[in-house]
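K.L.:
Dropping a structure here in structure tokens format, bear with me for questions.
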There are 2 protein chains.
Amino acid sequence: MHIELKRGSSRSLPQQIYEKLGQRISSGLLLPGARLPSVRELALSLKVSQVTVSKAYAELEKKGRILCIQGKGCFVADIEHEGTGEGGGWQGRYDDYLPRAQLWRNFNESEADYSFHLASLHRELLPLRSIGSTMAALVSEQPELMASYGNFQGDLELREVMRRHLQKRGMALASSGLMITSGSQQGIDLVARTFVGPGDVVYLEDPSYTGAIDVFAGRGAEMIFVPMDREGMRVDILTSLCDERPPKLIYTNPTFQNPSGVTMSIRRRQRLLELARSYRCLIVEDDPFSDLYFRDPPPPSIKSMDRDGHVVYLKSFSKVLAPGCRIACVAAEGDILSRLIAAKSASDLGSPLLTQRAVLPFIADSYERYASGLRIALRERMESAGRLLRQYAPSGVRWTLPEGGLNMWLELPAALRIDKLHTLAEQESISFLPGDVCQAGEGNSRHIRLCYAQMNKARMEQGLKLFLELLSRYMASELPDEMIQ
Amino acid sequence: MHIELKRGSSRSLPQQIYEKLGQRISSGLLLPGARLPSVRELALSLKVSQVTVSKAYAELEKKGRILCIQGKGCFVADIEHEGTGEGGGWQGRYDDYLPRAQLWRNFNESEADYSFHLASLHRELLPLRSIGSTMAALVSEQPELMASYGNFQGDLELREVMRRHLQKRGMALASSGLMITSGSQQGIDLVARTFVGPGDVVYLEDPSYTGAIDVFAGRGAEMIFVPMDREGMRVDILTSLCDERPPKLIYTNPTFQNPSGVTMSIRRRQRLLELARSYRCLIVEDDPFSDLYFRDPPPPSIKSMDRDGHVVYLKSFSKVLAPGCRIACVAAEGDILSRLIAAKSASDLGSPLLTQRAVLPFIADSYERYASGLRIALRERMESAGRLLRQYAPSGVRWTLPEGGLNMWLELPAALRIDKLHTLAEQESISFLPGDVCQAGEGNSRHIRLCYAQMNKARMEQGLKLFLELLSRYMASELPDEMIQ
């Protein structure tokens, strides 16, 4: 088991070992019953003292995450996690570089009747007929599109269409400055594998997108989470943190942030960019939602203010057009982009050409009208979800209705165990995303994320009512009366 | 610039720095005119002495790869490489973890009239109509396929079809033991990112697939290349190398090897598997070509003999069905597979569902008949290429006609500069793959790889004749008479 340790960090070595083993356990990468390396073995392989490892194990045992049996060793405790692998034998001891996998744990094809866990659009909302008929025409008229590996950077025509799309949104770029990726997830991954290595400092919002945390963890980065307020990431706090630990990269999702829904103010955007310039580092601006505003358009993207290539901008078309087609684009400049294209070639030899061409006419000709209809439909859902919350949410639960995007971020009373609520909801075939997968730490979040767009409207309403009733019963049974009032 | 150095390696530190800078230069990651870090800067960042860096720079300068100007610094020399990025400014100095990118350099959409460089099938040979009509039916009947993220592991129905396909080839696996990837390139990448880290020892055949070398280099692995003979990898040599440097992973392409065309004997396959078992390490068996035999079927795959999950088997359907669809599968067991699926989720949230379903009926019902037709067509091409070689190849050029697969591996006289030949061929719009991108070292290969399937037959023949005439002229002008005869 490879564990990336940072000497001289503000977190002690036992704490780091505790956290990283905890992440593997809660990702299901270490399964219940799996035997941990002995204190001696782990100390040797990490080049730390046995006392350090013992401290980490003691803390994990205290928290009920592992069980140590005199003379036999330490084992992952059998709490609420189930898993698929064997964990034992030589394979279980074959070292890996995979410290966290919350995407895998939380988003692998849910069977829930009421799905709130995934930030995605129900198929009724998507322009599938239109994209499908383009695809059908293409395969009959240009079957050779399926024969070619295409260009690692992505189809030139699609890049030109995306260039015009971004230009309308205030970003003056060249189509040679864009690359097509298999969803924005791949964009994040390519930036990380190219520019982030062990011990590099990556700043993120607290909370942040769990898929980005998985990726940076996989690179052995030192992730530092920056608090947010109503104007988004606290750039003042970030600035003083950077004094101590200069940034290699800053990851932000400034518009209708996933998961919190908060939008970064224009002033903060400017200051963030100034900070990146003074530290000569990259900002990764992940922007899946900016077209999904309910009232006013959000502030301009950070990329639109970028003059020196400090921003790698990720635009997902996957979420809003056809997730199964996996189409997104990365905008970056010069030497940064060339290296990302080189990294893309080694990861998959380029994205499928056919799906790139299949979404092209829709983005070119129909997207703007579609987006304005989508905004109305999503706003209706969000408002309907808001009404249900006001009507059925037990007191003690807090939320702010978002100004755009797909998610609601609910705060539950501190004393409530969200892992138990998650299990109860699963039993009633209701899924949601527990907040602590959006943070680096373990089990301290009071939040949950609900997506109101994943089902059709009637089912979403039915499911939300059921969930809020379940939540009321659970709070009534778990919390002392005075906390519920 | 991040350079992974291995202390205590058989290669000295100056040598390692020389090689790794050389790889970046020949990949086009460091462009002509780019300024290298000063000796002092690089020594500091690599934690080595300035003497060490100076030695590496001196060697690079001696080989004409960089140019050092007193008081100004060292710059990449302007030899035959051109590039796309700027290289300068803050971006050029933004550290990356991308030491090599020969895929990007050699396979990014060639414009050549006569393309021999890419191991792929001409569209006339591919079943595009059949896959296309499935795709057209799917998008009209089940547009929801474009809406879903699907399962990270890949579509269950397709996995079941692939299970049956592999069962017919002697591999008894469960569909739960398979994962769908975006081509085998992604399979190699997922194994590497999950199980290979800095300094881990990876054994490969000499020569090997350049895309695998890119990936392992990107992980900072210590790659050791094992010589081959007519029975494939010299497992006896590998065994004694392992005494010194135990393997983390062995990458092999045992059947109609890319690029050499050699097939590993059954005895060697068995011994290789025994070796992996005794070292408790993984074998990555990359198998794109085993169905493309010209006379007798090749020996059974290593995976078919694997009882303890030591082999990660990569089967590409991409190459033989529709490269633009990017469909391949990985077969692995237990804990190894779970971790690969977790890694897949973080790289791209799963492969597009629609293309998975589009290739499914063809693999299930028509593949075997198609493959037997393809074998005949490829054999015809190979034989025709063989005739042209006998007729037009200048003496001094050597080759063995392959028993299967897509490539011919030509050996040229030692004194010939292949980089110059490459440039000359490009000027006549003929592309081939220089052998040294299939090795770790720089510029020592006497080989080139030609694919006889990338164009239609008539064009291939025309191009090959032109190329061999060019080669004759080049050899006549470059070599002393007594070497040509």
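Naming works like this for the structure tokens: A, B, ... for the chains as they're shown, residue 1 at the start of each chain, ligands 1 onward in shown order.
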Tell me as a VMD selection string which residues belonging to chain B come within 6 Å of chain A, counting only C-alpha atoms.

P.N.:
chain B and resid 85 to 87 96 to 98 101 104 108 to 109 123 128 132 136 139 143 146 to 149 151 185 to 186 189 194 to 195 322 to 325 334 to 335 338 342 345 347 to 348 352 to 353

K.L.:
For the selection you just gave me, I'd like the residues written to a file as a compact mmCIF listing (two decimals), in the first residue's frame, keeping C-alpha atoms.

P.N.:
```txt
# COMPACT_ATOMS: atom_id res chain seq x y z
CA GLY B 85 3.77 25.25 -28.47
CA GLU B 86 5.45 28.47 -27.48
CA GLY B 87 7.77 27.02 -24.90
CA ASP B 96 5.16 18.90 -15.47
CA TYR B 97 5.16 15.12 -15.08
CA LEU B 98 5.19 14.30 -18.75
CA ALA B 101 5.06 11.67 -25.69
CA TRP B 104 1.50 12.43 -29.68
CA ASN B 108 -1.46 12.84 -34.53
CA GLU B 109 -3.48 12.68 -37.75
CA ARG B 123 -11.81 1.49 -43.75
CA LEU B 128 -18.57 -0.13 -40.72
CA GLY B 132 -23.36 1.80 -38.41
CA ALA B 136 -28.68 4.09 -36.36
CA VAL B 139 -30.37 6.02 -31.54
CA PRO B 143 -32.20 7.38 -27.47
CA MET B 146 -27.21 8.68 -24.85
CA ALA B 147 -28.63 9.97 -21.56
CA SER B 148 -27.03 7.57 -19.14
CA TYR B 149 -23.56 7.56 -17.64
CA ASN B 151 -21.67 1.61 -15.41
CA GLN B 185 -4.40 2.28 -24.70
CA GLN B 186 -6.68 3.19 -21.82
CA ASP B 189 -2.91 3.54 -18.79
CA THR B 194 -3.12 2.15 -10.45
CA PHE B 195 -0.14 -0.09 -9.89
CA ALA B 322 -13.90 0.44 -35.65
CA PRO B 323 -11.00 2.47 -34.22
CA GLY B 324 -13.22 5.54 -34.07
CA CYS B 325 -15.48 3.73 -31.60
CA GLY B 334 -10.76 -9.76 -7.78
CA ASP B 335 -9.05 -6.94 -6.08
CA SER B 338 -11.93 -3.57 -8.59
CA ALA B 342 -12.14 2.62 -9.50
CA SER B 345 -14.19 6.16 -12.81
CA SER B 347 -10.33 9.06 -15.52
CA ASP B 348 -13.54 9.51 -17.46
CA PRO B 352 -19.86 5.99 -23.84
CA LEU B 353 -22.73 3.52 -23.59
```

K.L.:
Can you list every residue in stretch 170-338 of chain B that DSSP puts in strand (DSSP E or B), as an MDAnalysis selection string?

P.N.:
chainID B and resid 178:181 201:206 222:229 232:233 249:252 282:286 293 311:316 328:331

K.L.:
Residues within 12 Å of stretch 371-380 of chain A, please, as a VMD selection string. Count only C-alpha atoms; anything in the same chain fewer than 5 positions from it doesn't count.

P.N.:
chain A and resid 120 to 122 124 to 127 289 to 297 317 320 to 321 362 to 363 365 to 366 385 to 387 401 to 407 451 to 458 460 to 461

K.L.:
At a cut-off of 7 Å, using only C-alpha atoms, what residues contact A:Leu204? Leave out same-chain residues fewer than 6 positions from it and give the result as a ChimeraX atom specification.

P.N.:
/A:224-226,250-252

K.L.:
Write out, as a PDB file, in the first residue's frame, the residues just selected, with C-alpha atoms.

P.N.:
```
ATOM      1  CA  ILE A 224      -5.929  22.359   1.016  1.00  0.00           C
ATOM      2  CA  PHE A 225      -9.617  23.256   1.266  1.00  0.00           C
ATOM      3  CA  VAL A 226     -10.521  26.930   1.407  1.00  0.00           C
ATOM      4  CA  ILE A 250      -6.134  26.088  -7.793  1.00  0.00           C
ATOM      5  CA  TYR A 251      -9.243  24.116  -8.664  1.00  0.00           C
ATOM      6  CA  THR A 252     -12.501  26.038  -8.656  1.00  0.00           C
TER       7      THR A 252
END
```

K.L.:
Have a look at A:Ala217, A:Met179, A:Cys438, A:Leu468 and name the one nearest to A:Val397; count only C-alpha atoms.

P.N.:
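Closest to A:Val397, using only C-alpha atoms: A:Leu468.
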
K.L.:
Would you pick out the contacts of B:Trp409 at 9 Å or less, using only C-alpha atoms, so that residues sharing its chain but fewer than 2 positions from it are not included, and give the list as a list in words?

P.N.:
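What passes the distance filter is Pro259, Ser260, Gly261, Arg398, Trp399, Thr400, Leu401, Pro402, Asn407, Glu411, Gly435, His447, Ile448, Arg449, Leu450 and Cys451 of chain B.
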
K.L.:
Which residues in stretch 6-187 of chain B does DSSP call helix (DSSP H, G or I)? List them as a PyMOL selection string.

P.N.:
chain B and resi 13-26+39-46+50-62+89-92+102-107+123-125+128-141+143-146+156-168+175-177+183-187

K.L.:
At a cut-off of 10 Å, using only C-alpha atoms, what residues contact B:Leu5? Leave out same-chain residues fewer than 4 positions from it and give the result as a VMD selection string.

P.N.:
chain B and resid 9 11 to 14 16 to 17 20 46 to 48 198 to 199 220 to 222

K.L.:
Please produce a file of the residues just selected, as a PDB file, in the first residue's frame, where the atoms kept are C-alpha atoms.

P.N.:
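Final output, saved to again.pdb:
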```
ATOM      1  CA  SER B   9      20.464   2.256 -10.743  1.00  0.00           C
ATOM      2  CA  ARG B  11      22.668   3.989 -15.153  1.00  0.00           C
ATOM      3  CA  SER B  12      24.560   6.925 -13.689  1.00  0.00           C
ATOM      4  CA  LEU B  13      22.700  10.093 -12.718  1.00  0.00           C
ATOM      5  CA  PRO B  14      24.174  12.189 -15.574  1.00  0.00           C
ATOM      6  CA  GLN B  16      19.607   9.378 -16.572  1.00  0.00           C
ATOM      7  CA  ILE B  17      19.305  13.151 -16.884  1.00  0.00           C
ATOM      8  CA  LYS B  20      15.205  11.942 -19.899  1.00  0.00           C
ATOM      9  CA  LEU B  46      16.725  17.526  -8.688  1.00  0.00           C
ATOM     10  CA  LYS B  47      18.837  17.602  -5.526  1.00  0.00           C
ATOM     11  CA  VAL B  48      21.993  16.581  -7.379  1.00  0.00           C
ATOM     12  CA  PRO B 198       8.146   6.190  -9.334  1.00  0.00           C
ATOM     13  CA  GLY B 199      11.014   3.725  -9.403  1.00  0.00           C
ATOM     14  CA  GLY B 220       8.229   7.419 -13.420  1.00  0.00           C
ATOM     15  CA  ALA B 221       8.803   3.681 -13.747  1.00  0.00           C
ATOM     16  CA  GLU B 222      12.228   2.169 -14.234  1.00  0.00           C
TER      17      GLU B 222
END
```

K.L.:
Between atom CA of B:Tyr370 and atom CA of B:Glu383, what is the distance, to one decimal in Å?

P.N.:
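Here the two named atoms are 20.0 Å from each other.
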
K.L.:
Within 12 Å of stretch 160-163 of chain A, which residues of stretch 247-356 of chain A show up? Give each one with its shortest atom-to-atom distance in Å (one decimal) and the two atoms involved, counting only C-alpha atoms, rows by chain then rising residue number, as CSV.

P.N.:
```
residue,atom,partner,partner_atom,distance
A:Leu314,CA,A:Met162,CA,11.8
A:Lys315,CA,A:Met162,CA,9.4
A:Ser316,CA,A:Met162,CA,10.9
A:Phe317,CA,A:Met162,CA,9.8
A:Ile327,CA,A:Met162,CA,11.1
A:Ala328,CA,A:Met162,CA,9.6
A:Cys329,CA,A:Met162,CA,7.9
A:Val330,CA,A:Met162,CA,10.0
A:Ala331,CA,A:Arg163,CA,9.1
A:Ala332,CA,A:Arg163,CA,11.9
A:Gln356,CA,A:Val161,CA,11.0
```
